[in-house]
$ cat target.cif   # mmCIF, C-alpha atoms and all ligand atoms
data_entry
#
loop_
_atom_site.group_PDB
_atom_site.id
_atom_site.type_symbol
_atom_site.label_atom_id
_atom_site.label_comp_id
_atom_site.auth_asym_id
_atom_site.auth_seq_id
_atom_site.Cartn_x
_atom_site.Cartn_y
_atom_site.Cartn_z
ATOM 1 C CA MET A 1 -21.093 -5.713 -19.476
ATOM 2 C CA PHE A 2 -21.272 -2.185 -20.859
ATOM 3 C CA ILE A 3 -17.588 -2.334 -21.834
ATOM 4 C CA VAL A 4 -18.090 -5.585 -23.739
ATOM 5 C CA SER A 5 -21.264 -4.334 -25.471
ATOM 6 C CA LEU A 6 -19.495 -1.128 -26.458
ATOM 7 C CA ASN A 7 -16.611 -3.142 -27.849
ATOM 8 C CA LEU A 8 -18.911 -5.278 -29.996
ATOM 9 C CA ALA A 9 -20.925 -2.264 -31.170
ATOM 10 C CA CYS A 10 -17.751 -0.458 -32.260
ATOM 11 C CA LYS A 11 -16.557 -3.505 -34.157
ATOM 12 C CA PHE A 12 -19.901 -3.747 -35.937
ATOM 13 C CA ALA A 13 -19.730 -0.038 -36.836
ATOM 14 C CA ALA A 14 -16.138 -0.466 -38.033
ATOM 15 C CA VAL A 15 -17.254 -3.165 -40.457
ATOM 16 C CA LEU A 16 -20.081 -0.930 -41.732
ATOM 17 C CA ILE A 17 -17.830 2.046 -42.491
ATOM 18 C CA GLY A 18 -14.748 0.041 -43.438
ATOM 19 C CA ARG A 19 -15.201 0.340 -47.226
ATOM 20 C CA THR A 20 -15.566 4.109 -47.261
ATOM 21 C CA ALA A 21 -13.436 5.270 -44.311
ATOM 22 C CA LEU A 22 -10.621 2.859 -43.596
ATOM 23 C CA GLY A 23 -8.800 5.056 -41.041
ATOM 24 C CA PRO A 24 -11.784 5.709 -38.754
ATOM 25 C CA ALA A 25 -12.829 2.069 -39.137
ATOM 26 C CA PHE A 26 -9.384 1.000 -37.968
ATOM 27 C CA ALA A 27 -9.654 3.268 -34.910
ATOM 28 C CA LEU A 28 -13.185 2.067 -34.183
ATOM 29 C CA TRP A 29 -12.014 -1.531 -34.331
ATOM 30 C CA PHE A 30 -9.017 -1.240 -32.007
ATOM 31 C CA ALA A 31 -9.742 1.641 -29.581
ATOM 32 C CA PRO A 32 -12.352 -0.331 -27.586
ATOM 33 C CA ASP A 33 -9.816 -3.146 -27.227
ATOM 34 C CA VAL A 34 -7.509 -0.766 -25.363
ATOM 35 C CA LEU A 35 -10.379 0.211 -23.067
ATOM 36 C CA LEU A 36 -11.287 -3.433 -22.463
ATOM 37 C CA ALA A 37 -7.655 -4.346 -21.781
ATOM 38 C CA TYR A 38 -7.446 -1.563 -19.217
ATOM 39 C CA HIS A 39 -10.451 -2.905 -17.344
ATOM 40 C CA LEU A 40 -9.205 -6.484 -17.583
ATOM 41 C CA PHE A 41 -5.645 -5.904 -16.413
ATOM 42 C CA PHE A 42 -5.581 -2.716 -14.319
ATOM 43 C CA PRO A 43 -6.170 -4.147 -10.828
ATOM 44 C CA ASN A 44 -8.776 -1.768 -9.424
ATOM 45 C CA ALA A 45 -10.511 -0.772 -12.686
ATOM 46 C CA GLN A 46 -14.249 -0.933 -12.093
ATOM 47 C CA GLY A 47 -15.561 -1.318 -15.650
ATOM 48 C CA LEU A 48 -16.287 -5.050 -15.522
ATOM 49 C CA LEU A 49 -17.399 -5.452 -11.908
ATOM 50 C CA ARG A 50 -17.369 -3.706 -8.531
ATOM 51 C CA ILE A 51 -14.011 -4.151 -6.827
ATOM 52 C CA HIS A 52 -13.462 -2.873 -3.328
ATOM 53 C CA SER A 53 -10.199 -0.994 -2.933
ATOM 54 C CA ARG A 54 -11.072 0.674 0.415
ATOM 55 C CA PHE A 55 -13.556 0.196 3.224
ATOM 56 C CA THR A 56 -15.599 2.785 5.082
ATOM 57 C CA THR A 57 -14.266 3.885 8.460
ATOM 58 C CA THR A 58 -13.232 7.022 10.288
ATOM 59 C CA ALA A 59 -11.060 5.185 12.813
ATOM 60 C CA ARG A 60 -7.369 4.501 12.374
ATOM 61 C CA GLU A 61 -7.877 1.019 11.023
ATOM 62 C CA VAL A 62 -6.845 -0.869 7.911
ATOM 63 C CA TRP A 63 -7.592 -4.245 6.361
ATOM 64 C CA LEU A 64 -4.514 -6.455 6.051
ATOM 65 C CA THR A 65 -4.841 -9.131 3.377
ATOM 66 C CA ILE A 66 -2.314 -11.884 2.712
ATOM 67 C CA ASP A 67 -2.465 -13.813 -0.554
ATOM 68 C CA ASP A 68 -1.303 -17.164 -1.958
ATOM 69 C CA GLY A 69 -1.149 -19.347 1.173
ATOM 70 C CA PRO A 70 -1.411 -21.373 3.160
ATOM 71 C CA ASP A 71 2.286 -22.159 3.339
ATOM 72 C CA PRO A 72 3.809 -24.554 5.899
ATOM 73 C CA THR A 73 6.820 -22.289 6.465
ATOM 74 C CA ASP A 74 5.215 -18.863 6.450
ATOM 75 C CA THR A 75 1.667 -19.232 7.745
ATOM 76 C CA PRO A 76 2.538 -20.313 11.338
ATOM 77 C CA ARG A 77 5.038 -17.450 11.638
ATOM 78 C CA ILE A 78 2.521 -14.943 10.263
ATOM 79 C CA LEU A 79 -0.125 -16.176 12.692
ATOM 80 C CA ALA A 80 2.310 -15.626 15.582
ATOM 81 C CA LEU A 81 3.072 -12.093 14.366
ATOM 82 C CA LEU A 82 -0.607 -11.239 14.013
ATOM 83 C CA ALA A 83 -1.281 -12.546 17.517
ATOM 84 C CA ALA A 84 1.589 -10.488 18.927
ATOM 85 C CA HIS A 85 0.120 -7.345 17.336
ATOM 86 C CA ARG A 86 -3.486 -8.276 18.132
ATOM 87 C CA ALA A 87 -4.153 -7.903 14.431
ATOM 88 C CA ARG A 88 -6.779 -9.623 12.330
ATOM 89 C CA ALA A 89 -6.280 -10.356 8.666
ATOM 90 C CA THR A 90 -7.892 -11.977 5.680
ATOM 91 C CA PHE A 91 -5.913 -14.800 4.105
ATOM 92 C CA PHE A 92 -6.868 -15.122 0.439
ATOM 93 C CA LEU A 93 -5.941 -18.769 0.016
ATOM 94 C CA ILE A 94 -5.349 -20.876 -3.067
ATOM 95 C CA GLY A 95 -7.634 -23.914 -2.852
ATOM 96 C CA LYS A 96 -4.926 -26.326 -3.990
ATOM 97 C CA ASN A 97 -2.608 -25.174 -1.184
ATOM 98 C CA ALA A 98 -5.431 -25.450 1.327
ATOM 99 C CA THR A 99 -6.020 -29.061 0.268
ATOM 100 C CA GLU A 100 -2.357 -29.850 0.933
ATOM 101 C CA HIS A 101 -2.375 -28.135 4.353
ATOM 102 C CA PRO A 102 -5.791 -28.504 5.974
ATOM 103 C CA ALA A 103 -4.341 -28.052 9.469
ATOM 104 C CA LEU A 104 -3.143 -24.569 8.491
ATOM 105 C CA LEU A 105 -6.581 -23.763 7.126
ATOM 106 C CA ARG A 106 -8.073 -24.656 10.497
ATOM 107 C CA ALA A 107 -5.352 -22.769 12.394
ATOM 108 C CA ILE A 108 -6.057 -19.553 10.450
ATOM 109 C CA ALA A 109 -9.776 -19.789 11.162
ATOM 110 C CA ALA A 110 -9.258 -20.790 14.808
ATOM 111 C CA ALA A 111 -7.126 -17.681 15.357
ATOM 112 C CA GLY A 112 -10.060 -15.482 14.309
ATOM 113 C CA HIS A 113 -8.856 -14.537 10.858
ATOM 114 C CA GLU A 114 -10.917 -14.613 7.703
ATOM 115 C CA ILE A 115 -10.336 -16.972 4.808
ATOM 116 C CA GLY A 116 -10.958 -15.562 1.356
ATOM 117 C CA HIS A 117 -11.165 -17.333 -2.004
ATOM 118 C CA HIS A 118 -8.164 -16.870 -4.308
ATOM 119 C CA THR A 119 -9.142 -19.518 -6.901
ATOM 120 C CA GLN A 120 -8.293 -23.221 -6.813
ATOM 121 C CA THR A 121 -5.156 -23.164 -9.000
ATOM 122 C CA HIS A 122 -4.195 -19.468 -9.321
ATOM 123 C CA PRO A 123 -4.266 -19.408 -13.134
ATOM 124 C CA LEU A 124 -2.284 -16.195 -13.482
ATOM 125 C CA TYR A 125 -1.814 -16.188 -17.265
ATOM 126 C CA SER A 126 -5.110 -17.660 -18.405
ATOM 127 C CA PHE A 127 -7.532 -16.117 -15.932
ATOM 128 C CA TRP A 128 -8.405 -13.140 -18.153
ATOM 129 C CA CYS A 129 -9.568 -15.363 -21.015
ATOM 130 C CA ALA A 130 -11.018 -18.290 -19.029
ATOM 131 C CA ARG A 131 -14.440 -19.386 -20.220
ATOM 132 C CA PRO A 132 -17.420 -19.431 -17.849
ATOM 133 C CA ALA A 133 -17.114 -23.188 -17.240
ATOM 134 C CA ARG A 134 -13.455 -22.801 -16.226
ATOM 135 C CA LEU A 135 -14.280 -19.935 -13.871
ATOM 136 C CA HIS A 136 -17.053 -22.028 -12.374
ATOM 137 C CA ARG A 137 -14.634 -24.932 -11.850
ATOM 138 C CA GLU A 138 -12.051 -22.652 -10.177
ATOM 139 C CA LEU A 139 -14.681 -21.389 -7.763
ATOM 140 C CA THR A 140 -16.429 -24.665 -6.976
ATOM 141 C CA ALA A 141 -13.153 -26.588 -6.561
ATOM 142 C CA GLY A 142 -11.911 -23.847 -4.225
ATOM 143 C CA PHE A 143 -15.083 -24.059 -2.168
ATOM 144 C CA SER A 144 -14.580 -27.835 -1.883
ATOM 145 C CA SER A 145 -11.006 -27.308 -0.686
ATOM 146 C CA PHE A 146 -12.090 -24.866 2.021
ATOM 147 C CA ALA A 147 -15.073 -26.994 3.033
ATOM 148 C CA VAL A 148 -12.781 -29.545 4.742
ATOM 149 C CA ALA A 149 -12.555 -26.968 7.538
ATOM 150 C CA ASP A 150 -16.239 -26.044 7.260
ATOM 151 C CA ILE A 151 -15.337 -22.709 5.738
ATOM 152 C CA ARG A 152 -17.204 -21.031 2.889
ATOM 153 C CA PRO A 153 -15.555 -17.750 1.894
ATOM 154 C CA THR A 154 -17.688 -14.770 0.917
ATOM 155 C CA ARG A 155 -14.846 -12.658 -0.449
ATOM 156 C CA PHE A 156 -12.769 -13.236 -3.546
ATOM 157 C CA ARG A 157 -9.522 -11.880 -4.920
ATOM 158 C CA SER A 158 -8.518 -12.753 -8.455
ATOM 159 C CA PRO A 159 -4.916 -13.694 -9.357
ATOM 160 C CA ALA A 160 -2.902 -10.442 -9.488
ATOM 161 C CA GLY A 161 -6.190 -8.542 -9.640
ATOM 162 C CA ILE A 162 -6.818 -9.639 -13.244
ATOM 163 C CA LYS A 163 -10.444 -9.709 -14.338
ATOM 164 C CA ASN A 164 -12.488 -11.587 -16.894
ATOM 165 C CA ILE A 165 -15.614 -10.565 -18.783
ATOM 166 C CA TRP A 166 -17.532 -13.446 -17.130
ATOM 167 C CA LEU A 167 -16.218 -12.811 -13.618
ATOM 168 C CA LYS A 168 -19.063 -10.636 -12.377
ATOM 169 C CA SER A 169 -21.744 -13.219 -13.145
ATOM 170 C CA ALA A 170 -19.586 -16.066 -11.785
ATOM 171 C CA LEU A 171 -18.969 -14.293 -8.471
ATOM 172 C CA THR A 172 -22.605 -13.269 -8.145
ATOM 173 C CA ALA A 173 -23.711 -16.862 -8.714
ATOM 174 C CA HIS A 174 -21.425 -18.032 -5.918
ATOM 175 C CA GLY A 175 -22.202 -15.206 -3.486
ATOM 176 C CA LEU A 176 -18.695 -13.747 -3.612
ATOM 177 C CA THR A 177 -17.616 -10.103 -3.319
ATOM 178 C CA CYS A 178 -14.503 -9.019 -5.206
ATOM 179 C CA VAL A 179 -11.750 -7.366 -3.146
ATOM 180 C CA GLY A 180 -8.879 -5.342 -4.574
ATOM 181 C CA TRP A 181 -6.447 -3.229 -2.597
ATOM 182 C CA SER A 182 -5.262 0.323 -2.038
ATOM 183 C CA ALA A 183 -1.591 -0.575 -1.494
ATOM 184 C CA ARG A 184 0.445 -3.665 -2.281
ATOM 185 C CA GLY A 185 3.971 -4.726 -1.505
ATOM 186 C CA LEU A 186 5.158 -5.872 -4.953
ATOM 187 C CA GLU A 187 7.589 -8.129 -3.123
ATOM 188 C CA ARG A 188 9.187 -9.479 -6.274
ATOM 189 C CA ARG A 189 9.988 -6.019 -7.571
ATOM 190 C CA TYR A 190 11.573 -4.451 -4.496
ATOM 191 C CA ARG A 191 13.327 -7.483 -2.941
ATOM 192 C CA ASP A 192 13.954 -5.581 0.305
ATOM 193 C CA PRO A 193 11.537 -6.033 3.215
ATOM 194 C CA ALA A 194 12.040 -2.485 4.493
ATOM 195 C CA ILE A 195 11.153 -1.000 1.093
ATOM 196 C CA VAL A 196 8.147 -3.298 0.758
ATOM 197 C CA ALA A 197 6.886 -2.227 4.183
ATOM 198 C CA GLN A 198 7.482 1.432 3.352
ATOM 199 C CA VAL A 199 5.572 1.155 0.060
ATOM 200 C CA VAL A 200 2.629 -0.540 1.764
ATOM 201 C CA THR A 201 2.313 1.871 4.663
ATOM 202 C CA ARG A 202 3.264 5.257 3.189
ATOM 203 C CA GLY A 203 0.455 7.791 2.890
ATOM 204 C CA LEU A 204 -1.749 5.511 4.926
ATOM 205 C CA LYS A 205 -5.381 6.507 5.417
ATOM 206 C CA PRO A 206 -8.181 4.898 7.441
ATOM 207 C CA GLY A 207 -9.957 2.233 5.385
ATOM 208 C CA ALA A 208 -6.910 1.200 3.361
ATOM 209 C CA ILE A 209 -6.724 -2.363 2.078
ATOM 210 C CA LEU A 210 -3.147 -3.652 2.223
ATOM 211 C CA LEU A 211 -1.922 -6.577 0.138
ATOM 212 C CA LEU A 212 1.061 -8.763 0.985
ATOM 213 C CA HIS A 213 1.971 -12.325 0.004
ATOM 214 C CA GLU A 214 3.203 -15.511 1.616
ATOM 215 C CA GLY A 215 4.774 -18.641 0.200
ATOM 216 C CA PRO A 216 7.675 -19.603 -2.060
ATOM 217 C CA ARG A 217 6.893 -17.033 -4.775
ATOM 218 C CA VAL A 218 7.984 -14.301 -2.348
ATOM 219 C CA PRO A 219 11.780 -13.744 -2.479
ATOM 220 C CA ALA A 220 13.555 -15.369 0.485
ATOM 221 C CA PRO A 221 14.786 -12.169 2.214
ATOM 222 C CA ILE A 222 11.255 -10.765 2.204
ATOM 223 C CA ARG A 223 9.227 -13.791 3.273
ATOM 224 C CA VAL A 224 7.346 -12.940 6.499
ATOM 225 C CA GLU A 225 9.860 -10.190 7.281
ATOM 226 C CA ALA A 226 7.932 -7.619 5.205
ATOM 227 C CA ILE A 227 4.724 -8.514 7.053
ATOM 228 C CA ARG A 228 6.542 -8.135 10.373
ATOM 229 C CA LEU A 229 7.750 -4.645 9.391
ATOM 230 C CA VAL A 230 4.317 -3.631 8.109
ATOM 231 C CA LEU A 231 2.744 -4.651 11.417
ATOM 232 C CA GLU A 232 5.385 -2.676 13.302
ATOM 233 C CA ASN A 233 4.792 0.399 11.103
ATOM 234 C CA LEU A 234 1.041 0.139 11.611
ATOM 235 C CA THR A 235 1.398 -0.194 15.374
ATOM 236 C CA ALA A 236 3.804 2.767 15.468
ATOM 237 C CA GLN A 237 1.269 4.880 13.532
ATOM 238 C CA GLY A 238 -1.569 3.849 15.820
ATOM 239 C CA TYR A 239 -3.403 1.764 13.210
ATOM 240 C CA ARG A 240 -5.331 -1.418 13.990
ATOM 241 C CA CYS A 241 -5.808 -4.281 11.542
ATOM 242 C CA VAL A 242 -9.502 -5.181 11.387
ATOM 243 C CA LEU A 243 -11.874 -7.228 9.249
ATOM 244 C CA PRO A 244 -14.467 -4.917 7.681
ATOM 245 C CA THR A 245 -18.115 -5.836 7.810
ATOM 246 C CA ALA A 246 -20.212 -6.083 4.659
ATOM 247 C CA ALA A 247 -21.724 -2.697 5.525
ATOM 248 C CA GLN A 248 -18.258 -1.154 5.390
ATOM 249 C CA LEU A 249 -17.857 -2.300 1.786
ATOM 250 C CA PRO A 250 -20.588 -0.297 0.051
ATOM 251 C CA ARG A 251 -21.858 -1.565 -3.278
HETATM 252 ZN ZN ZN B 301 -2.141 -14.481 -5.798
#

$ encode --input "target.cif" --output "structure tokens" --more "lines below"
Ligand SMILES: [Zn+2]
Amino acid sequence: MFIVSLNLACKFAAVLIGRTALGPAFALWFAPDVLLAYHLFFPNAQGLLRIHSRFTTTAREVWLTIDDGPDPTDTPRILALLAAHRARATFFLIGKNATEHPALLRAIAAAGHEIGHHTQTHPLYSFWCARPARLHRELTAGFSSFAVADIRPTRFRSPAGIKNIWLKSALTAHGLTCVGWSARGLERRYRDPAIVAQVVTRGLKPGAILLLHEGPRVPAPIRVEAIRLVLENLTAQGYRCVLPTAAQLPR
């Protein structure tokens, strides 16, 4: 909350000096907003809460995370690919999708993968300004959706990595740890599975957290194919996909 307190303090100071020094008052009023916006919208910015963008390891291992499922077309194919590569992954699922496809929820868990919380409705454009009650509803509704398979996630990823000034307290109250990433595919920007896979796996280091997506928001030529190529690249480079323990995500 330091960022928010600083913002309010600067605004108060701007009001105090506004009559005698309009220019500095203007700067004092708006500069903290830029800082706050950075920490709200820059995915791995740490100013509002601790976000894990790597995990601790010396072995050639990475954490593969797949967002926005489950999806009836993609999830079964991804599970088959992961099994073929003996890879484990965390699926950050949208609660609403999980409610529509409970069998997929169970299949992901039964295959030994982790299910993470990715909100109930994925409110991409309103997440940054959601009030505490709305955040609470997103989290509790998501937990209810995952509970049909007796699953209670302990890890959370916000929509597109966007934060909220109330997010830290909301996650703490629900026992959730916030996970970012060290490389992501940006599937909708590149629109070529080979480029997506290259972006995700270039400059790879042990402890990297890789982000890819499933579902209809991923362009058709990339769906699943990018994940297949990433797994092949990782195998070729001698990397294993593992699920880090809590101890490997230092606070
Ligand atoms: Zn998402």

$ resolve_selection --input "target.cif" --expression "the PyMOL selection byres (((not hetatm)) within 6 of (chain B and resi 301))" --output "ChimeraX atom specification"
/A:67-68,159-160

$ resolve_selection --input "target.cif" --expression "the PyMOL selection byres (((chain A and resi 226-234) around 10) and not hetatm)" --output "PyMOL selection string"
chain A and resi 60-62+64+66+77-78+81-82+84-87+185+187+191-202+204+210-214+221-225+235-241

$ resolve_selection --input "target.cif" --expression "the PyMOL selection byres (((chain A and resi 209) around 9) and not hetatm)" --output "PyMOL selection string"
chain A and resi 52-55+62-65+179-184+207-208+210-211

$ atom_distance --input "target.cif" --atom1 "atom CA of Thr154 of chain A" --atom2 "atom CA of Ala98 of chain A"
16.3 Å

$ atom_distance --input "target.cif" --atom1 "atom CA of Ala147 of chain A" --atom2 "atom CA of Ile162 of chain A"
25.2 Å

$ axis_aligned_box --input "target.cif" --around "segment 102-116 of chain A" --padding-each-side "6 Å" --output "JSON"
{"center_x": -7.1, "center_y": -21.5, "center_z": 8.4, "size_x": 19.8, "size_y": 26.0, "size_z": 26.0}

$ atom_distance --input "target.cif" --atom1 "atom CA of Gly112 of chain A" --atom2 "atom CA of Ala83 of chain A"
9.8 Å
